[in-house]
Amino acid sequence: MLDRATAILLSFAAASLAVSGAQVVAAAPDQQKFSQIERGRYLTTLADCVACHTNPGTGKRFAGGRPIETPFGIVVSANITPDTKTGIGGWSDEQFDNAVRHGVRADGKRLYPAMPYPSYAKMSHEDVLAIRAYLATIPPVHNEVVSDQLPFPLNIRAGMRLWNALYFNDAEFQTNPDKPPQWNRGAYLVNGPGHCGACHTPKTMLGGDKLSQALRGGQVQGWLAPNITNDKAKGLGSWSKDDIVDFLKSGHSRVATVTGPMAEEIEHSSSRWTQADLQAIATYLKDLPGIQAKGSPVAANDPAMKAGQAIYRDVCSACHQLDGKGVPHLFPSLPDSAAVRADDATTAIRVVLRGARSVATSPEPTAPGMPSFAWQLKDDQVAAVLTYIRNSWGVAAPAVSADTVATERSNLAARTD
Amino acid sequence: MLLHRRELLATAAWIIAGTAVARASVITGRLPWHPTAGDPPTPVRPGPWQFFTADEAAAIEALADRIIPPDPKTPGGKDAGCAVYLDRQLAGPYGRRDGDYNRGPFMPAAKNFGPQAQNGPAADYRKQLAAFDRYCRAQHGGKPFAQLTDAEKDKVIADVEGGEAKLEGTDGRVFIDQLIKDIQEGFFADPIYGGNRDMVAWKMIGFPGARYNYLDWIDRHNERFPLPPVSIMGRGEWTPKAS
Amino acid sequence: MDAEGKLRAVMARKLPSKDVVIVGLGWTGSILANELTDEGLDVVAIERGPWRDTPTEFPPTYAQDELRYRIRHELFLRPDQTTFTFRNKTNQTALPIRSWGAFMPPNGVGGGGVHWNAETWRFLPSDFVLKTHLTQRYGAAFLPEDITIQDWGVTFEELEPHYDAFERLCGTSGTAGNLRGQIQDGGNPFEGPRSRPYPNPAQKQGFGHTLWAKAARDLGYKPFPQPSGNMSKAYVNPLGVRLGPCTYCGFCEWFGCGNYSKASPQTTILPVLIRKSNFSARDQSEVTQINLDSSRKRATGVSFVDSSGVEWEQPADLVILSAYSMFNVQLLLLSKIGKPYDPVANTGVIGRNFTHQCMSSVDGFFDKTKFNFNPFIASGAIGMCIDEFNGDNFDHGPHGFVGGGYLGQVQTNGRPIETTPTPPGTPKWGSKWKQAVRDYYLSNLKGGSIHGSMYSYRDVYLDLDPTYKDRFGRPLMRMTIDFHDNELKAAAFMTDKYAEIVKAMGATHVVKHARKGPYDVTKYQTTHLNGGAVMGSDPNTSALNRYLQSWDVPNLFVMGASAFPQNAGYNPTGTVAALAFWSAKAIREQYLKNPGALVHA
């Protein structure tokens with residue numbers, strides 16, 4: 001993996017190399033572009049293109065066809081292998097750049113922001129060309145993808161013009177001169193290729209970012225992607241930088257164990273990042289200020305708290321231990337979990353009802369699992385135990401109601417993931 | 001403008017790779033898992049007898065109440081649900097001897113060679129209860145076991161258990177021994193199986209039930225463990241009390 | 001298969017060849033698979049039973065179900081799938097074991113490693129050279145008639161690094177007793193010298209165990225904590241796999257562990273193994289035969305039947321037979337590998353030196369107003385033990401028997417169906433029974449374990465039954481086994497010693513249960529069945545050489561306790577695993593470089 005200094009040097013080198021051939025329809029890659037391709041491969045990993053652009057189970061990397069769930073319906077990912085008929089082999093570099101950073105397809109139609117071009121816009125032209133160079137080297141796959149699957153009137157892509165006007169800031173990343181290089185690198189990664197806000201930033205009704213709440217938690221595919229700012233009450237305030245680095249690298253840390261869509265992200269993307277880049281992310285996230293007051297916990301003698309305490313002692317403590325702190329790198333610490341403490345308890349409810357499995361990575365291969373409680377706990381009991389763990393051990397969060405659990409339970413029954 | 005989410009979701013099937021993997025015949029790459037995977041138990045529901053006839057059930061309930069008599073502190077076998085337990089067990093795989101080796105030839109054998117009979121517990125109980133009923137009626141002017149006095153009941157059990165009373169066509173000692181075992185099993189098993197109602201047996205002895213974490217108690221020697229028992233389906237305290 | 005479920009002589013579908021096929025994915029299968037995939041070989045493991053994993057098969061939401069797992073033994077093999085026939089003596093007709101009793105064979109990925117107690121012992125140095133040692137000390141005339149004990153062909157010193165490797169893999173919790181020759185306080189003073197301490201400190205002990213140890217100490221013994229594969233604290237093993245701390249739930253043996261704190265293939269090896277691109281596993285697939293070429297000196301692979309009844313052939317260059325001990329022997333017999341043992345002619349090797357254990361116990365009943373043992377707070381391998389009466393740790397001269405076992409207060413549970421004893425004289429039912437159960441549940445000691453060895457005899461063996469068949473129409477394996485006077489004498493002797501300790505603790509009733517003959521197939525006494533495909537230096541009396549390689553078929557290695565020439569007074573898994581590591585090393589460093597016989601007798 002390249003370290004940052006080398007990456008910068010290489011990007012200059014690649015830029016100078018790219019000038020001459022960039023406007024031509026891409027043919028077979030120039031073997032001398034090895035450095036650019038390597039850089040592009042790493043950027044592709046940073047941007048996690050493979051996750052959305054690969055249909056799971058087919059083994060056909062980047063060949064598209066994966067249905068992506070959005071609040072508006074299903075969007076199907078495109079084939080970005082170099083196949084000329086069904087992939088992007090026939091696209092020019094500028095057409096590719098227009099798609100990735102400006103949200104416009106080669107045929108002129110607009111992309112939906114399920115493709116996170118608003119984040120990728122922060123990358124540089126050179127970055128995108130490097131990605132293009134890498135993608136040109138992978139095996140072409142013939143796979144005809146029908147991308148248009150949204151219902152009327154959402155399938156009118158021209159409507160994206162208005163959306164872009166409201167929500168799309170089409171500008172490259174601007175270094176903040178008041179912050180050190182590591183912070184800036186972290187800011188670039190989080191807001192650019194890493195596109196963390198695509199999940200972790202809450203969205204408006206129309207699906208645009210609520211910028212004032214950036215990275216403070218968002219709903220995605222039936223999960224709550226938690227607050228990843230340094231907020232002590234709701235975010236990563238109790239996590240050290242090492243905790244963040246460990247988590248992104250291995251899926252596990254002193255206090256956390258990943259599950260859900262983030263497990264997939266770690267497996268395909270952040271577990272393959274350089275140590276320096278992970279530390280940059282940690283630096284940046286720990287510098288995002290908390291804005292939430294702690295709030296007082298629900299009273300210990302509240303009936304839900306007492307019931308929750310009984311359930312916790314009888315069942316949950318088997319793994320999460322009597323003090324809620326779990327076991328480092330194995331069972332998550334509940335008071336340190338942003339997902340547990342989020343105002344939106346979706347992830348916490350989902351994990352209790354459905355169970356959870358973490359991911360195996362080379363540094364942490366165990367991949368422990370949590371069982372499902374849907375058959376064992378009724379709605380008011382799930383609500384009680386969640387209220388208890390969200391309001392014990394020095395943390396506070398709104399109580400969870402039985403109705404919320406019931407709604408979530410029936411939503412989950414409709415899901416197959 | 002937004003369509004109902006359910007309709008949108010229902011139009012396509014998707015799998016999240018990474019954590020959920022469908023079972024394949026060859027396992028490779030990752031540990032198989034999918035949400036809600038597992039085989040939790042289905043608790044016994046109260047309701048009509050599934051195996052026993054009404055007369056058989058009356059006899060079993062009465063027997064259960066002598067094997068485990070009620071006392072002021074703890075209910076007896078009947079109230080504790082032991083007959084319900086046995087009824088559901090005999091109606092299920094245990095009654096059928098599912099999983100046992102049931103190929104012939106069937107030969108009589110010494111006890112240390114293990115059970116060799118072709119019948120399973122369900123067939124055995126049917127036969128034994130019929131013979132037991134015939135014996136009781138013959139001894140007590142036509143009255144079935146359930147209508148005898150407690151002292152009469154105890155004598156019948158003891159006589160059959162000891163071999164003084166012979167049952168027609170079946171070994172009464174085997175019947176009583178197995179019955180005692182089954183009734184007491186139902187008494188002490190998790191309440192999800194129909195017996196040990198409200199965990200009365202566990203409360204009687206001080207067994208905390210399906211708990212899993214005693215790390216704060218392993219060092220506390222010779223002290224009474226204070227927490228109440230919990231079943232696999234929980235305990236009353238799990239449900240918030242309306243304030 | 002045909003309509004009756006019998007295998008037909010039809011061409012099985014042939015799969016692409018693999019470097020290694022592993023039969024049975026339990027402890028030894030997992031260890032060998034991990035070692036050989038590290039060597040770069042393409043490995044497939046074939047397991048008769050289902051895939052098993054913690055959050056799905058034994059989560060701590062419903063694993064703690066005594067009826068389901070201890071009484072109906074749901075995790076274990078169903079006799080309907082396969083069983084054995086049993087008789088005490090050669091002149092009797094064997095009958096099928098229709099329902100398990102004396103032992104309970106495992107089934108499924110992880111094998112017995114899923115539901116074992118996790119008692120992790122090493123055998124004594126003298127155990128490995130038993131024939132030589134006992135003959136030297138007591139003379140051949142002292143040994144019982146018809147005893148067929150043998151030296152193993154491998155020594156404790158050779159196995160020591162591999163015991164260590166298994167303990168490291170498992171995070172075994174214990175207190176060293178002999179560190180490189182220096183006796184350590186608090187450990188087992190009789191153990192063979194170990195190179196390193198245990199990777200985890202010993203587990204904590206309950207009141208009953210602690211009190212027993214004190215009484216034992218006062219009587220002059222040297223009690224020590226049982227070496228335990230239940231984690232005394234969170235642990236990460238050399239493969240990077242993590243285990244959590246044991247929470248003393250009391251639902252250990254017979255049950256899967258719900259919180260990743262019992263060492264098993266699932267919690268120590270499989271997460272790493274499954275990620276290797278050169279490893280795959282088939283579950284619900286029963287290997288029916290090891291196939292040989294026409295010379296009958298080379299295995300070509302195995303045949304197996306999947307859950308749909310379809311027969312397949314898996315060719316491979318190397319076959320590792322790593323099923324449960326009895327099934328190893330059965331497969332050798334059915335595949336016609338090695339000469340079957342004939343007890344009358346005293347020829348042949350497959351099936352000889354078959355052993356079990358000779359277990360005894362002592363129950364203690366105490367005054368409930370003075371003693372509260374909280375028996376439900378325990379783990380599977382908790383316990384305090386003394387080793388003064390194991391192996392040849394004491395002079396057997398005055399006693400007229402050989403062998404012995406550890407004595408351990410190893411009460412592992414307070415599960416009420418099995419652990420509500422009443423003192424002798426209590427009726428089996430009625431209000432007196434009920435009251436006695438009430439009075440003694442918290443103040444009984446029912447874990448007294450006398451883990452007696454069982455040496456091997458000429459008339460205790462395995463062969464194929466002439467009458468009873470399995471679901472494929474193949475003969476069941478037949479066990480001919482009874483206790484000999486030697487073991488029963490040892491049992492009575494040790495039981496008396498144990499009872500003294502319980503009495504010294506202050507019991508009001510001490511109830512001795514010294515093992516009595518005949519061998520009873522209905523009375524459980526561990527699943528430590530051994531022998532039948534033993535290792536040794538002489539192909540006339542062993543099936544395997546000292547590397548567990550078949551004398552007859554050099555590309556076949558047979559793991560497991562089937563290799564034990566006789567059983568020692570300990571639980572076998574530590575030794576089974578050490579032998580697996582030892583064999584794996586020989587395969588990697590010697591066999592793969594030059595396939596062929598590693599030992600020329």
# chains A, B, ... in the order shown; residues from 1 in each chain; ligands from 1
$ interface_residues --of "chain B" --to "chain C" --cutoff "6 Å" --atoms "only C-alpha atoms" --output "PyMOL selection string"
chain B and resi 26-30+37-38+66-69+99-101+112-114+185+188-189+205+210+212-215+218+221-222
$ select_by_dssp --residues "range 11-214 of chain A" --states "strand (DSSP E)" --output "ChimeraX atom specification"
/A:67-70,73-76
$ write_last_selection --atoms "C-alpha atoms" --output "mmCIF file, in the first residue's frame"
data_model
loop_
_atom_site.group_PDB
_atom_site.id
_atom_site.type_symbol
_atom_site.label_atom_id
_atom_site.label_comp_id
_atom_site.auth_asym_id
_atom_site.auth_seq_id
_atom_site.Cartn_x
_atom_site.Cartn_y
_atom_site.Cartn_z
ATOM 1 C CA PRO A 67 -29.993 -3.856 -6.845
ATOM 2 C CA ILE A 68 -29.358 -0.986 -4.433
ATOM 3 C CA GLU A 69 -32.115 -0.185 -2.004
ATOM 4 C CA THR A 70 -32.873 3.539 -1.693
ATOM 5 C CA GLY A 73 -36.949 2.329 -4.695
ATOM 6 C CA ILE A 74 -34.408 0.108 -6.335
ATOM 7 C CA VAL A 75 -31.561 1.492 -8.345
ATOM 8 C CA VAL A 76 -29.432 -1.037 -10.180
#
$ closest_atom_pairs --of "chain A" --to "chain C" --cutoff "12 Å" --atoms "only C-alpha atoms" --output "Markdown table"
| residue | atom | partner | partner_atom | distance |
| --- | --- | --- | --- | --- |
| A:Ser250 | CA | C:Gly240 | CA | 11.7 |
| A:His252 | CA | C:Arg242 | CA | 11.2 |
| A:Ile311 | CA | C:Thr61 | CA | 11.3 |
| A:Tyr312 | CA | C:Thr61 | CA | 11.9 |
| A:Asp314 | CA | C:Thr61 | CA | 9.7 |
| A:Val315 | CA | C:Thr61 | CA | 6.8 |
| A:Cys316 | CA | C:Pro60 | CA | 8.6 |
| A:Ser317 | CA | C:Thr247 | CA | 9.4 |
| A:Ala318 | CA | C:Asn259 | CA | 6.5 |
| A:Cys319 | CA | C:Asn259 | CA | 5.7 |
| A:His320 | CA | C:Asn259 | CA | 9.5 |
| A:Gln321 | CA | C:Thr247 | CA | 8.9 |
| A:Leu322 | CA | C:Thr247 | CA | 10.2 |
| A:Gly326 | CA | C:Gly244 | CA | 9.2 |
| A:Val327 | CA | C:Gly244 | CA | 6.6 |
| A:Pro328 | CA | C:Ala234 | CA | 8.5 |
| A:His329 | CA | C:Arg242 | CA | 7.9 |
| A:Leu330 | CA | C:Arg242 | CA | 6.9 |
| A:Phe331 | CA | C:Gly244 | CA | 8.3 |
| A:Pro332 | CA | C:Gly244 | CA | 11.8 |
| A:Val352 | CA | C:Thr61 | CA | 11.7 |
| A:Arg354 | CA | C:Pro55 | CA | 11.3 |
| A:Gly355 | CA | C:Pro55 | CA | 8.3 |
| A:Ala356 | CA | C:Pro55 | CA | 8.7 |
| A:Arg357 | CA | C:Pro55 | CA | 8.5 |
| A:Ser358 | CA | C:Pro55 | CA | 11.3 |
| A:Val359 | CA | C:Pro271 | CA | 10.3 |
| A:Ala360 | CA | C:Pro271 | CA | 7.6 |
| A:Thr361 | CA | C:Arg275 | CA | 9.1 |
| A:Ser362 | CA | C:Gly240 | CA | 8.4 |
| A:Pro363 | CA | C:Gly240 | CA | 6.9 |
| A:Glu364 | CA | C:Gly240 | CA | 6.4 |
| A:Pro365 | CA | C:Val272 | CA | 5.9 |
| A:Thr366 | CA | C:Val241 | CA | 5.1 |
| A:Ala367 | CA | C:Pro271 | CA | 7.1 |
| A:Pro368 | CA | C:Pro55 | CA | 7.8 |
| A:Gly369 | CA | C:Pro55 | CA | 5.2 |
| A:Met370 | CA | C:Pro55 | CA | 5.5 |
| A:Pro371 | CA | C:Pro55 | CA | 4.9 |
| A:Ser372 | CA | C:Pro55 | CA | 8.3 |
| A:Phe373 | CA | C:Thr61 | CA | 7.6 |
| A:Ala374 | CA | C:Thr61 | CA | 10.8 |
| A:Trp375 | CA | C:Thr61 | CA | 9.9 |
| A:Gln376 | CA | C:Thr61 | CA | 7.9 |
| A:Leu377 | CA | C:Thr61 | CA | 10.3 |
$ select_by_dssp --residues "range 58-231 of chain B" --states "alpha helix (DSSP H)" --output "PyMOL selection string"
chain B and resi 58-67+82-90+93-96+121-139+150-162+172-188+200-205
$ write_last_selection --atoms "C-alpha atoms" --output "PDB file, in the first residue's frame"
ATOM      1  CA  ALA B  58     -56.997 -38.604  34.651  1.00  0.00           C
ATOM      2  CA  ALA B  59     -54.887 -41.575  35.709  1.00  0.00           C
ATOM      3  CA  ILE B  60     -51.619 -39.832  34.867  1.00  0.00           C
ATOM      4  CA  GLU B  61     -52.619 -36.685  36.705  1.00  0.00           C
ATOM      5  CA  ALA B  62     -53.536 -38.712  39.747  1.00  0.00           C
ATOM      6  CA  LEU B  63     -50.300 -40.667  39.541  1.00  0.00           C
ATOM      7  CA  ALA B  64     -48.321 -37.448  39.175  1.00  0.00           C
ATOM      8  CA  ASP B  65     -49.920 -36.118  42.333  1.00  0.00           C
ATOM      9  CA  ARG B  66     -48.779 -39.153  44.318  1.00  0.00           C
ATOM     10  CA  ILE B  67     -45.319 -39.307  42.842  1.00  0.00           C
ATOM     11  CA  CYS B  82     -46.335 -32.994  34.715  1.00  0.00           C
ATOM     12  CA  ALA B  83     -49.183 -34.757  32.934  1.00  0.00           C
ATOM     13  CA  VAL B  84     -49.242 -32.067  30.252  1.00  0.00           C
ATOM     14  CA  TYR B  85     -45.490 -32.488  29.891  1.00  0.00           C
ATOM     15  CA  LEU B  86     -45.766 -36.231  29.449  1.00  0.00           C
ATOM     16  CA  ASP B  87     -48.696 -35.906  27.071  1.00  0.00           C
ATOM     17  CA  ARG B  88     -46.768 -33.622  24.723  1.00  0.00           C
ATOM     18  CA  GLN B  89     -43.633 -35.762  24.962  1.00  0.00           C
ATOM     19  CA  LEU B  90     -45.499 -38.939  24.085  1.00  0.00           C
ATOM     20  CA  PRO B  93     -40.494 -37.729  18.774  1.00  0.00           C
ATOM     21  CA  TYR B  94     -39.831 -39.128  22.252  1.00  0.00           C
ATOM     22  CA  GLY B  95     -43.055 -41.125  22.147  1.00  0.00           C
ATOM     23  CA  ARG B  96     -42.205 -42.497  18.745  1.00  0.00           C
ATOM     24  CA  PRO B 121     -42.721 -45.098  24.957  1.00  0.00           C
ATOM     25  CA  ALA B 122     -46.018 -44.037  23.411  1.00  0.00           C
ATOM     26  CA  ALA B 123     -47.044 -47.599  22.598  1.00  0.00           C
ATOM     27  CA  ASP B 124     -45.709 -48.784  25.948  1.00  0.00           C
ATOM     28  CA  TYR B 125     -47.690 -46.251  27.954  1.00  0.00           C
ATOM     29  CA  ARG B 126     -50.885 -47.059  26.125  1.00  0.00           C
ATOM     30  CA  LYS B 127     -50.500 -50.730  26.906  1.00  0.00           C
ATOM     31  CA  GLN B 128     -49.298 -50.190  30.460  1.00  0.00           C
ATOM     32  CA  LEU B 129     -52.000 -47.697  31.391  1.00  0.00           C
ATOM     33  CA  ALA B 130     -54.650 -50.083  30.134  1.00  0.00           C
ATOM     34  CA  ALA B 131     -53.234 -52.936  32.202  1.00  0.00           C
ATOM     35  CA  PHE B 132     -52.819 -50.657  35.209  1.00  0.00           C
ATOM     36  CA  ASP B 133     -56.431 -49.521  34.904  1.00  0.00           C
ATOM     37  CA  ARG B 134     -57.665 -53.098  34.710  1.00  0.00           C
ATOM     38  CA  TYR B 135     -55.690 -53.938  37.838  1.00  0.00           C
ATOM     39  CA  CYS B 136     -57.057 -50.975  39.814  1.00  0.00           C
ATOM     40  CA  ARG B 137     -60.632 -51.697  38.856  1.00  0.00           C
ATOM     41  CA  ALA B 138     -60.225 -55.366  39.737  1.00  0.00           C
ATOM     42  CA  GLN B 139     -58.754 -54.466  43.139  1.00  0.00           C
ATOM     43  CA  ASP B 150     -54.545 -41.167  48.567  1.00  0.00           C
ATOM     44  CA  ALA B 151     -53.648 -44.073  50.809  1.00  0.00           C
ATOM     45  CA  GLU B 152     -55.122 -46.547  48.345  1.00  0.00           C
ATOM     46  CA  LYS B 153     -53.278 -44.903  45.494  1.00  0.00           C
ATOM     47  CA  ASP B 154     -49.962 -45.074  47.309  1.00  0.00           C
ATOM     48  CA  LYS B 155     -50.479 -48.733  48.034  1.00  0.00           C
ATOM     49  CA  VAL B 156     -51.278 -49.531  44.439  1.00  0.00           C
ATOM     50  CA  ILE B 157     -48.155 -47.757  43.235  1.00  0.00           C
ATOM     51  CA  ALA B 158     -45.973 -49.427  45.841  1.00  0.00           C
ATOM     52  CA  ASP B 159     -47.362 -52.868  45.091  1.00  0.00           C
ATOM     53  CA  VAL B 160     -46.877 -52.528  41.369  1.00  0.00           C
ATOM     54  CA  GLU B 161     -43.461 -50.971  41.844  1.00  0.00           C
ATOM     55  CA  GLY B 162     -42.348 -53.759  44.124  1.00  0.00           C
ATOM     56  CA  GLY B 172     -45.531 -53.251  36.166  1.00  0.00           C
ATOM     57  CA  ARG B 173     -42.135 -52.529  37.715  1.00  0.00           C
ATOM     58  CA  VAL B 174     -40.826 -51.255  34.401  1.00  0.00           C
ATOM     59  CA  PHE B 175     -43.956 -49.132  34.023  1.00  0.00           C
ATOM     60  CA  ILE B 176     -43.696 -47.503  37.455  1.00  0.00           C
ATOM     61  CA  ASP B 177     -39.937 -46.938  37.197  1.00  0.00           C
ATOM     62  CA  GLN B 178     -40.318 -45.201  33.853  1.00  0.00           C
ATOM     63  CA  LEU B 179     -43.322 -43.229  35.014  1.00  0.00           C
ATOM     64  CA  ILE B 180     -41.471 -41.918  38.057  1.00  0.00           C
ATOM     65  CA  LYS B 181     -38.592 -40.915  35.813  1.00  0.00           C
ATOM     66  CA  ASP B 182     -40.832 -39.170  33.292  1.00  0.00           C
ATOM     67  CA  ILE B 183     -42.953 -37.356  35.862  1.00  0.00           C
ATOM     68  CA  GLN B 184     -39.923 -36.110  37.740  1.00  0.00           C
ATOM     69  CA  GLU B 185     -38.327 -35.047  34.454  1.00  0.00           C
ATOM     70  CA  GLY B 186     -41.384 -33.008  33.623  1.00  0.00           C
ATOM     71  CA  PHE B 187     -41.292 -31.527  37.102  1.00  0.00           C
ATOM     72  CA  PHE B 188     -37.734 -30.270  36.723  1.00  0.00           C
ATOM     73  CA  VAL B 200     -42.392 -24.147  40.973  1.00  0.00           C
ATOM     74  CA  ALA B 201     -39.891 -27.016  41.076  1.00  0.00           C
ATOM     75  CA  TRP B 202     -36.959 -24.681  40.604  1.00  0.00           C
ATOM     76  CA  LYS B 203     -38.250 -22.371  43.304  1.00  0.00           C
ATOM     77  CA  MET B 204     -38.610 -25.385  45.568  1.00  0.00           C
ATOM     78  CA  ILE B 205     -34.958 -26.317  45.328  1.00  0.00           C
TER      79      ILE B 205
END
$ atom_distance --atom1 "CA of Pro193 in chain A" --atom2 "CA of Tyr42 in chain A"
10.6 Å
